[in-house]
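> Input structure: query_32.txt, which contains compact mmCIF, C-alpha atoms.
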# COMPACT_ATOMS: atom_id res chain seq x y z
CA MET A 1 0.00 0.00 0.00
CA LYS A 2 2.79 2.39 0.97
CA PHE A 3 4.55 1.82 -2.33
CA LYS A 4 1.43 2.68 -4.28
CA ILE A 5 1.21 6.24 -2.94
CA ILE A 6 4.27 7.46 -4.87
CA PRO A 7 3.10 6.31 -8.34
CA ILE A 8 -0.43 7.58 -7.65
CA LEU A 9 0.89 10.98 -6.60
CA SER A 10 3.24 11.06 -9.59
CA ILE A 11 0.38 10.34 -11.99
CA LEU A 12 -1.79 12.94 -10.26
CA PHE A 13 1.04 15.47 -10.47
CA PHE A 14 1.52 14.70 -14.17
CA PHE A 15 -2.20 15.21 -14.88
CA ILE A 16 -2.35 18.49 -12.95
CA VAL A 17 0.68 19.87 -14.80
CA PHE A 18 -0.71 18.60 -18.11
CA ALA A 19 -4.10 20.24 -17.46
CA ILE A 20 -2.49 23.58 -16.55
CA PHE A 21 -0.23 23.64 -19.61
CA PHE A 22 -3.02 22.44 -21.89
CA LYS A 23 -5.33 25.20 -20.65
CA ALA A 24 -2.58 27.83 -20.92
CA LEU A 25 -1.74 26.80 -24.49
CA GLN A 26 -5.34 27.33 -25.57
CA LYS A 27 -5.14 30.95 -24.47
CA THR A 28 -3.70 33.68 -26.65
CA SER A 29 -0.44 35.15 -25.42
CA PHE A 30 -1.38 38.54 -26.84
CA TYR A 31 -3.05 41.24 -24.83
CA THR A 32 -6.81 41.03 -25.26
CA PRO A 33 -8.51 43.81 -23.35
CA ASN A 34 -11.95 43.52 -21.90
CA ILE A 35 -14.19 45.39 -24.31
CA ASN A 36 -17.58 44.62 -22.82
CA PHE A 37 -17.88 47.00 -19.95
CA GLU A 38 -19.38 50.25 -18.82
CA LYS A 39 -16.91 52.63 -17.30
CA GLU A 40 -16.94 56.29 -16.42
CA ILE A 41 -14.99 58.44 -18.87
CA PRO A 42 -11.63 59.62 -17.52
CA SER A 43 -11.16 63.15 -16.33
CA PHE A 44 -8.59 65.01 -18.40
CA SER A 45 -7.85 68.28 -20.16
CA ALA A 46 -6.47 68.65 -23.65
CA LYS A 47 -5.50 71.30 -26.16
CA ILE A 48 -7.85 71.84 -29.08
CA PHE A 49 -6.39 71.28 -32.52
CA LYS A 50 -5.27 74.50 -34.25
CA MET A 51 -6.54 76.61 -31.37
CA ASP A 52 -4.75 78.02 -28.41
CA ILE A 53 -7.31 76.83 -25.89
CA GLU A 54 -7.52 73.90 -23.52
CA LYS A 55 -10.74 72.08 -22.59
CA ASN A 56 -11.48 69.54 -19.93
CA SER A 57 -13.61 66.43 -20.30
CA GLU A 58 -16.56 68.02 -18.43
CA GLU A 59 -16.80 70.67 -21.15
CA ILE A 60 -16.51 68.20 -24.00
CA PHE A 61 -18.91 65.39 -23.11
CA ILE A 62 -22.21 67.04 -22.22
CA GLY A 63 -25.87 66.04 -22.28
CA ASN A 64 -27.51 62.83 -23.39
CA GLN A 65 -25.89 62.75 -26.79
CA PHE A 66 -23.74 59.88 -28.01
CA TYR A 67 -20.06 60.62 -28.50
CA LEU A 68 -17.46 58.65 -30.36
CA ILE A 69 -13.91 59.43 -29.37
CA ASN A 70 -11.52 58.23 -32.05
CA VAL A 71 -7.78 57.96 -31.42
CA TRP A 72 -6.04 58.66 -34.75
CA ALA A 73 -2.82 59.89 -36.33
CA SER A 74 -1.77 60.88 -39.83
CA TRP A 75 1.05 58.30 -39.74
CA CYS A 76 -1.36 55.47 -38.91
CA VAL A 77 -2.22 53.42 -42.00
CA PRO A 78 -5.34 51.64 -40.59
CA CYS A 79 -6.75 55.11 -39.75
CA ARG A 80 -7.10 55.68 -43.49
CA GLU A 81 -9.11 52.45 -43.79
CA GLU A 82 -11.66 53.53 -41.19
CA HIS A 83 -11.93 57.14 -42.35
CA ASN A 84 -14.80 56.45 -44.78
CA PHE A 85 -16.83 54.92 -41.96
CA LEU A 86 -16.16 57.94 -39.77
CA MET A 87 -17.37 60.20 -42.60
CA LYS A 88 -20.55 58.10 -42.79
CA LEU A 89 -20.99 58.28 -38.99
CA LYS A 90 -20.64 62.07 -39.17
CA GLU A 91 -24.06 62.14 -40.86
CA GLN A 92 -25.72 60.65 -37.75
CA LYS A 93 -27.56 63.45 -35.96
CA ASN A 94 -27.29 62.15 -32.39
CA LEU A 95 -23.59 61.33 -32.57
CA LYS A 96 -20.67 63.68 -32.13
CA ILE A 97 -17.25 62.47 -33.19
CA ILE A 98 -14.30 63.67 -31.16
CA GLY A 99 -10.85 63.04 -32.59
CA LEU A 100 -7.86 62.46 -30.35
CA ASN A 101 -4.83 63.24 -32.48
CA TYR A 102 -2.16 60.88 -31.12
CA LYS A 103 1.55 61.83 -31.20
CA ASP A 104 1.23 63.66 -34.48
CA LYS A 105 2.54 66.78 -36.18
CA GLU A 106 -0.03 69.51 -36.73
CA LYS A 107 1.01 69.99 -40.36
CA ASN A 108 0.73 66.27 -41.17
CA ALA A 109 -2.63 66.01 -39.38
CA SER A 110 -3.96 69.00 -41.36
CA ASN A 111 -2.80 67.46 -44.64
CA PHE A 112 -4.44 64.16 -43.68
CA LEU A 113 -7.78 65.90 -43.03
CA ARG A 114 -7.50 68.02 -46.18
CA GLU A 115 -6.94 64.89 -48.24
CA LEU A 116 -9.62 62.67 -46.65
CA LYS A 117 -12.00 65.33 -45.23
CA ASN A 118 -12.71 66.05 -41.60
CA PRO A 119 -15.27 63.81 -39.81
CA TYR A 120 -14.61 65.31 -36.39
CA ASP A 121 -16.74 67.83 -34.48
CA GLN A 122 -13.76 68.58 -32.30
CA ILE A 123 -10.14 67.46 -32.34
CA LEU A 124 -8.08 67.16 -29.17
CA ILE A 125 -4.32 66.95 -29.19
CA ASP A 126 -2.46 64.19 -27.37
CA GLU A 127 1.15 65.23 -27.89
CA ASN A 128 2.81 62.61 -25.70
CA GLY A 129 0.19 59.86 -25.69
CA THR A 130 -0.74 60.28 -22.03
CA ILE A 131 -4.42 61.09 -22.68
CA ALA A 132 -4.79 57.87 -24.69
CA ILE A 133 -3.46 55.96 -21.65
CA GLU A 134 -6.06 57.68 -19.42
CA TRP A 135 -8.65 56.18 -21.78
CA GLY A 136 -7.05 52.74 -21.62
CA ALA A 137 -5.96 52.88 -25.27
CA TYR A 138 -2.63 51.35 -26.25
CA GLY A 139 -2.45 52.02 -29.96
CA VAL A 140 -4.08 53.69 -32.95
CA PRO A 141 -6.78 53.55 -34.13
CA GLU A 142 -9.04 52.94 -31.18
CA SER A 143 -12.54 54.28 -30.59
CA PHE A 144 -14.82 54.60 -27.59
CA LEU A 145 -18.58 55.04 -27.81
CA ILE A 146 -19.85 57.20 -24.97
CA HIS A 147 -23.31 57.84 -23.62
CA LYS A 148 -24.14 59.82 -20.47
CA ARG A 149 -20.44 60.07 -19.62
CA LYS A 150 -20.02 56.29 -19.71
CA ILE A 151 -17.98 54.23 -22.16
CA ILE A 152 -20.50 51.79 -23.60
CA LYS A 153 -18.30 50.27 -26.30
CA LYS A 154 -14.58 50.04 -26.91
CA ILE A 155 -13.32 49.39 -30.43
CA ILE A 156 -9.74 48.28 -30.94
CA GLY A 157 -8.41 48.68 -34.45
CA PRO A 158 -10.11 50.32 -37.42
CA ILE A 159 -13.89 50.62 -37.68
CA ASN A 160 -15.17 48.27 -40.37
CA GLU A 161 -18.54 47.58 -41.98
CA ASN A 162 -19.72 45.34 -39.12
CA LEU A 163 -18.64 47.75 -36.39
CA TYR A 164 -20.19 50.64 -38.31
CA SER A 165 -23.54 48.80 -38.39
CA GLU A 166 -23.19 47.96 -34.70
CA ILE A 167 -22.57 51.61 -33.76
CA GLU A 168 -25.47 52.70 -35.96
CA GLY A 169 -27.70 50.16 -34.19
CA ILE A 170 -26.70 51.38 -30.74
CA ILE A 171 -27.21 55.08 -31.37
CA GLN A 172 -30.58 54.77 -33.09
CA MET B 1 33.20 84.44 7.82
CA LYS B 2 31.62 81.89 10.13
CA ASN B 3 28.20 82.74 8.73
CA ILE B 4 29.37 82.20 5.17
CA LYS B 5 30.75 78.79 6.14
CA LEU B 6 27.43 77.86 7.74
CA ILE B 7 25.51 78.99 4.65
CA LEU B 8 27.83 76.95 2.42
CA VAL B 9 27.32 73.84 4.59
CA PHE B 10 23.55 74.43 4.48
CA ILE B 11 23.58 74.77 0.67
CA PHE B 12 25.70 71.61 0.39
CA LEU B 13 23.27 69.67 2.61
CA CYS B 14 20.28 70.93 0.61
CA PHE B 15 22.01 69.87 -2.60
CA LEU B 16 22.69 66.40 -1.15
CA ASN B 17 19.06 66.10 -0.06
CA ILE B 18 17.71 67.07 -3.49
CA ASN B 19 20.12 64.64 -5.12
CA GLN B 20 19.00 61.87 -2.78
CA SER B 21 15.27 62.45 -3.41
CA LEU B 22 15.88 62.57 -7.19
CA ALA B 23 17.74 59.25 -6.96
CA ASN B 24 14.88 57.75 -4.90
CA GLU B 25 12.33 58.90 -7.47
CA LYS B 26 14.43 57.46 -10.31
CA ASN B 27 14.67 54.14 -8.48
CA LEU B 28 10.90 54.09 -7.94
CA ILE B 29 10.22 54.82 -11.63
CA PHE B 30 12.68 52.05 -12.55
CA LYS B 31 10.99 49.60 -10.16
CA ILE B 32 7.47 50.39 -11.40
CA THR B 33 8.25 50.41 -15.13
CA LYS B 34 10.20 47.13 -14.76
CA ASN B 35 7.05 45.54 -13.32
CA LEU B 36 4.82 46.80 -16.16
CA ARG B 37 4.34 44.73 -19.28
CA CYS B 38 4.55 46.49 -22.63
CA LEU B 39 1.24 45.63 -24.27
CA VAL B 40 2.37 46.12 -27.85
CA CYS B 41 5.75 44.37 -27.64
CA GLN B 42 5.10 41.19 -25.67
CA GLY B 43 7.94 39.86 -23.59
CA GLN B 44 9.42 43.26 -22.76
CA SER B 45 8.84 45.45 -19.76
CA VAL B 46 7.80 49.07 -20.21
CA HIS B 47 11.24 50.08 -18.95
CA ASP B 48 13.05 48.05 -21.63
CA SER B 49 10.71 48.91 -24.48
CA ASP B 50 10.99 51.90 -26.78
CA SER B 51 7.50 51.60 -28.29
CA GLU B 52 5.14 54.58 -28.47
CA PHE B 53 2.94 53.00 -25.80
CA ALA B 54 5.85 52.31 -23.42
CA ASN B 55 7.27 55.81 -23.81
CA SER B 56 3.87 57.35 -23.03
CA LEU B 57 3.42 55.05 -20.05
CA LYS B 58 6.81 56.13 -18.65
CA ILE B 59 5.59 59.75 -18.77
CA VAL B 60 2.31 58.76 -17.07
CA VAL B 61 4.18 56.94 -14.27
CA GLN B 62 6.43 59.98 -13.72
CA LYS B 63 3.34 62.24 -13.66
CA LYS B 64 1.51 60.04 -11.16
CA ILE B 65 4.55 59.98 -8.85
CA ASP B 66 4.76 63.77 -9.07
CA GLU B 67 1.04 63.91 -8.15
CA GLY B 68 1.91 61.96 -4.99
CA MET B 69 0.55 58.53 -5.91
CA SER B 70 2.20 55.52 -4.26
CA GLU B 71 3.55 52.51 -6.15
CA ASN B 72 0.45 50.42 -5.37
CA GLU B 73 -1.91 53.24 -6.30
CA ILE B 74 -0.20 53.48 -9.71
CA TYR B 75 -0.58 49.71 -10.21
CA GLU B 76 -4.27 49.94 -9.24
CA PHE B 77 -4.81 52.85 -11.67
CA LEU B 78 -3.21 50.89 -14.52
CA LYS B 79 -5.07 47.69 -13.61
CA ILE B 80 -8.38 49.54 -13.98
CA LYS B 81 -7.30 50.80 -17.41
CA PHE B 82 -5.64 47.67 -18.83
CA GLY B 83 -6.41 44.76 -16.48
CA ASP B 84 -4.07 42.45 -14.51
CA TRP B 85 -2.14 41.65 -17.69
CA ILE B 86 -0.22 44.92 -17.42
CA LEU B 87 1.54 43.70 -14.26
CA TYR B 88 4.40 41.21 -14.27
CA ASP B 89 3.83 40.61 -10.59
CA PRO B 90 0.06 40.22 -10.20
CA GLY B 91 -1.50 40.12 -6.73
CA LEU B 92 -3.34 37.15 -5.26
CA ASN B 93 -6.90 37.01 -6.59
CA LYS B 94 -9.33 34.43 -7.96
CA LYS B 95 -7.60 34.50 -11.36
CA THR B 96 -4.08 34.07 -10.00
CA TYR B 97 -4.49 31.80 -6.98
CA ILE B 98 -3.25 28.72 -8.90
CA LEU B 99 -0.13 30.65 -9.87
CA TRP B 100 0.58 31.53 -6.24
CA LEU B 101 -0.56 28.38 -4.50
CA LEU B 102 0.68 25.67 -6.88
CA PRO B 103 4.39 26.02 -5.96
CA ILE B 104 3.50 25.71 -2.25
CA LEU B 105 1.31 22.69 -2.98
CA LEU B 106 4.04 21.06 -5.08
CA PHE B 107 6.56 21.76 -2.33
CA LEU B 108 4.32 20.07 0.24
CA ILE B 109 3.58 17.06 -1.98
CA GLY B 110 7.28 16.72 -2.87
CA GLY B 111 8.23 16.99 0.81
CA ALA B 112 5.67 14.35 1.76
CA ILE B 113 7.01 11.98 -0.91
CA ILE B 114 10.62 12.46 0.26
CA ILE B 115 9.72 11.94 3.93
CA LYS B 116 7.73 8.83 3.03
CA PHE B 117 10.63 7.51 0.97
CA PHE B 118 13.11 7.99 3.84
CA LYS B 119 10.73 6.37 6.33
CA ILE B 120 10.34 3.32 4.06
CA ASN B 121 14.12 3.05 3.73
CA LYS B 122 14.54 3.30 7.51
CA ILE B 123 12.04 0.51 8.13
CA LYS B 124 13.93 -1.69 5.65
As C-alpha cells, how would this structure be written, given the file I've shared?


Amino acid sequence: MKFKIIPILSILFFFIVFAIFFKALQKTSFYTPNINFEKEIPSFSAKIFKMDIEKNSEEIFIGNQFYLINVWASWCVPCREEHNFLMKLKEQKNLKIIGLNYKDKEKNASNFLRELKNPYDQILIDENGTIAIEWGAYGVPESFLIHKRKIIKKIIGPINENLYSEIEGIIQ
Amino acid sequence: MKNIKLILVFIFLCFLNINQSLANEKNLIFKITKNLRCLVCQGQSVHDSDSEFANSLKIVVQKKIDEGMSENEIYEFLKIKFGDWILYDPGLNKKTYILWLLPILLFLIGGAIIIKFFKINKIK
C-alpha cells in the first residue's frame, strides 16, 4: 500500500501539470482587453487642434448625446481604412465624433484631413500619448462610444462595416 | 566668515538632499516600469521597451509619482485601465491563486514523498 502512494501521486502530479499547460496553451499570449464593460470616462484636459485653448472632459462630453472618441494619427495606415466609416458616422444626428490626435505633427494632421476630409466635431491633441493611456488605449486607431459620460463600447483597431452597423444600431 | 561657512554647509546639505530624493524617485520609476508589461511588444517590460505605448506610459508613471501617488496606487490605476495583464507581478486574486498556491502545494507534496521515501528506507 505504501509503495502505491508514490506512483499515484506522480500520476496525479503529471495530470495536474498537463491540465495547466493544456489550458494555458489554448489561451492567446497577446493582450486582449476587456471590451464589454461600462466605465466612467476619464477626467482630463487637452488642447484643441489648431486653437490656443484647452478644454477639460466636463466641457466636451455634455448632455444625453452619443459621443465617439476616435484615437487617430496621420502616420497610422489603418486610420485611413476607417476614415470612410467615420465620414458616414458624421451624418448621424445624435452622434458627435471627437478626434484624439495621437503623437502627431499639426502639419501632417492638417494634410491628412485636407486629403480625406474632416469627420470630427472637435479634435483634441495628445502630444505625448498620455491622454490615450487615461482612456485605456494602447495604440491607434481605437474608438470609444460614450453615452451619459459612460464608455459603452470600446473598439480596438479600425472601424469596419460590421462595427459601423453595430454603432449605428446602438445610437438609433 | 563663520556665517558664510554655515551657509555653504547648508547649501551643500540641501544639494545632497535634493540629489537623494531625485535618486529615490528614479529608483521608484525604474521599479514600477520594470514591473509593467509592454502591451504592444510582448515579452518586454515598459522600462526596456521603446514603443510609443511604453514611452507614453513612462511619462504617465512619472506624472503620477509627481502627483503623490504611491507605487500600489499606480498599479491599481493601470489595472483599472488595462487589467491584470499589465503587471508582471500580479496580486493574489481568484484568477491568479493557482499561480501563487501551486508552488507551495508542489513543495508540500514533494516533501511528503521524500519523507515517506526515507521512512520506508529506515524501516527496511

> Can you measure CA of Lys150 in chain A to CA of Trp85 in chain B for me? One decimal in Å is fine.

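Going from CA of Lys150 in chain A over to CA of Trp85 in chain B, I get 23.2 Å.
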
> At what distance in Å, to one decimal, does CA of Trp72 in chain A lie from CA of Leu100 in chain A?

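That distance, rounded to one decimal, is 6.1 Å.
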
> Excluding same-chain residues fewer than 2 positions from Asp89 in chain B, what lies within 10 Å of it counting only C-alpha atoms, as an NGL selection string?

:B and (35-37 or 84-87 or 91-92)

> What does the distance between CA of Lys27 in chain A and CA of Pro90 in chain B come to in Å, to one decimal place?

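Distance between the two atoms: 17.8 Å.
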
> Counting all atoms listed in the file, figure out which residue out of A:Lys117, A:Lys105, A:Leu89, A:Met51 gets nearest to Glu166 in chain A.

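Of A:Lys117, A:Lys105, A:Leu89, A:Met51, the one nearest Glu166 in chain A, counting all atoms listed in the file, is A:Leu89.
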
> Please provide as a PDB file with C-alpha atoms, keeping the file's coordinate frame all residues within 9 Å of Asp121 in chain A, with the sequence filter that same-chain residues fewer than 3 positions apart are discarded (counting all atoms listed in the file).


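The file below, around05.pdb, is the result:
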ATOM      1  CA  LYS A  90     -20.640  62.070 -39.170  1.00  0.00           C
ATOM      2  CA  LYS A  96     -20.670  63.680 -32.130  1.00  0.00           C
ATOM      3  CA  ILE A  97     -17.250  62.470 -33.190  1.00  0.00           C
ATOM      4  CA  ILE A  98     -14.300  63.670 -31.160  1.00  0.00           C
ATOM      5  CA  GLY A  99     -10.850  63.040 -32.590  1.00  0.00           C
ATOM      6  CA  ASN A 118     -12.710  66.050 -41.600  1.00  0.00           C
TER       7      ASN A 118
END

> Could you list the residues in chain B lying within 7 Å of chain A, using all atoms listed in the file, and format the result as a PyMOL selection string?

chain B and resi 39+53+56-57+60+81-82+113

> Which residue out of A:His147, A:Lys93, A:Lys154, A:Lys107 has the minimum interatomic distance to Tyr67 in chain A when only C-alpha atoms are used?

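Ranking A:His147, A:Lys93, A:Lys154, A:Lys107 by distance to Tyr67 in chain A, first place goes to A:His147.
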
> Tell me, as a PyMOL selection string, which residues lie within 10 Å of range 65-73 of chain B, counting all atoms listed in the file; anything in the same chain fewer than 2 positions away does not count.

chain B and resi 25+28-29+31-32+59-63+75-79

> Just the residues within 9 Å of Ala73 in chain A, please, counting all atoms listed in the file, with nothing from its chain fewer than 5 positions along; format it as a list in words.

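Neighbouring residues, sequence-local ones excluded: Cys79, Leu100, Asn101, Tyr102, Lys103, Asp104, Lys105, Asn108, Ala109, Phe112, Val140 and Pro141 of chain A.
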
> Considering all atoms listed in the file, return as a PyMOL selection string whatever protein or nucleic-acid residues lie within 12 Å of Gln92 in chain A, sequence-local ones (same chain, fewer than 2 positions apart) excluded.

chain A and resi 65-68+85-90+94-97+119+121+164+167-172

> Counting all atoms listed in the file, which residue out of A:Leu124, A:Cys76, A:Leu25, A:Ile8 sits closest to Gly157 in chain A?

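Between A:Leu124, A:Cys76, A:Leu25, A:Ile8, the residue approaching Gly157 in chain A most closely is A:Cys76.
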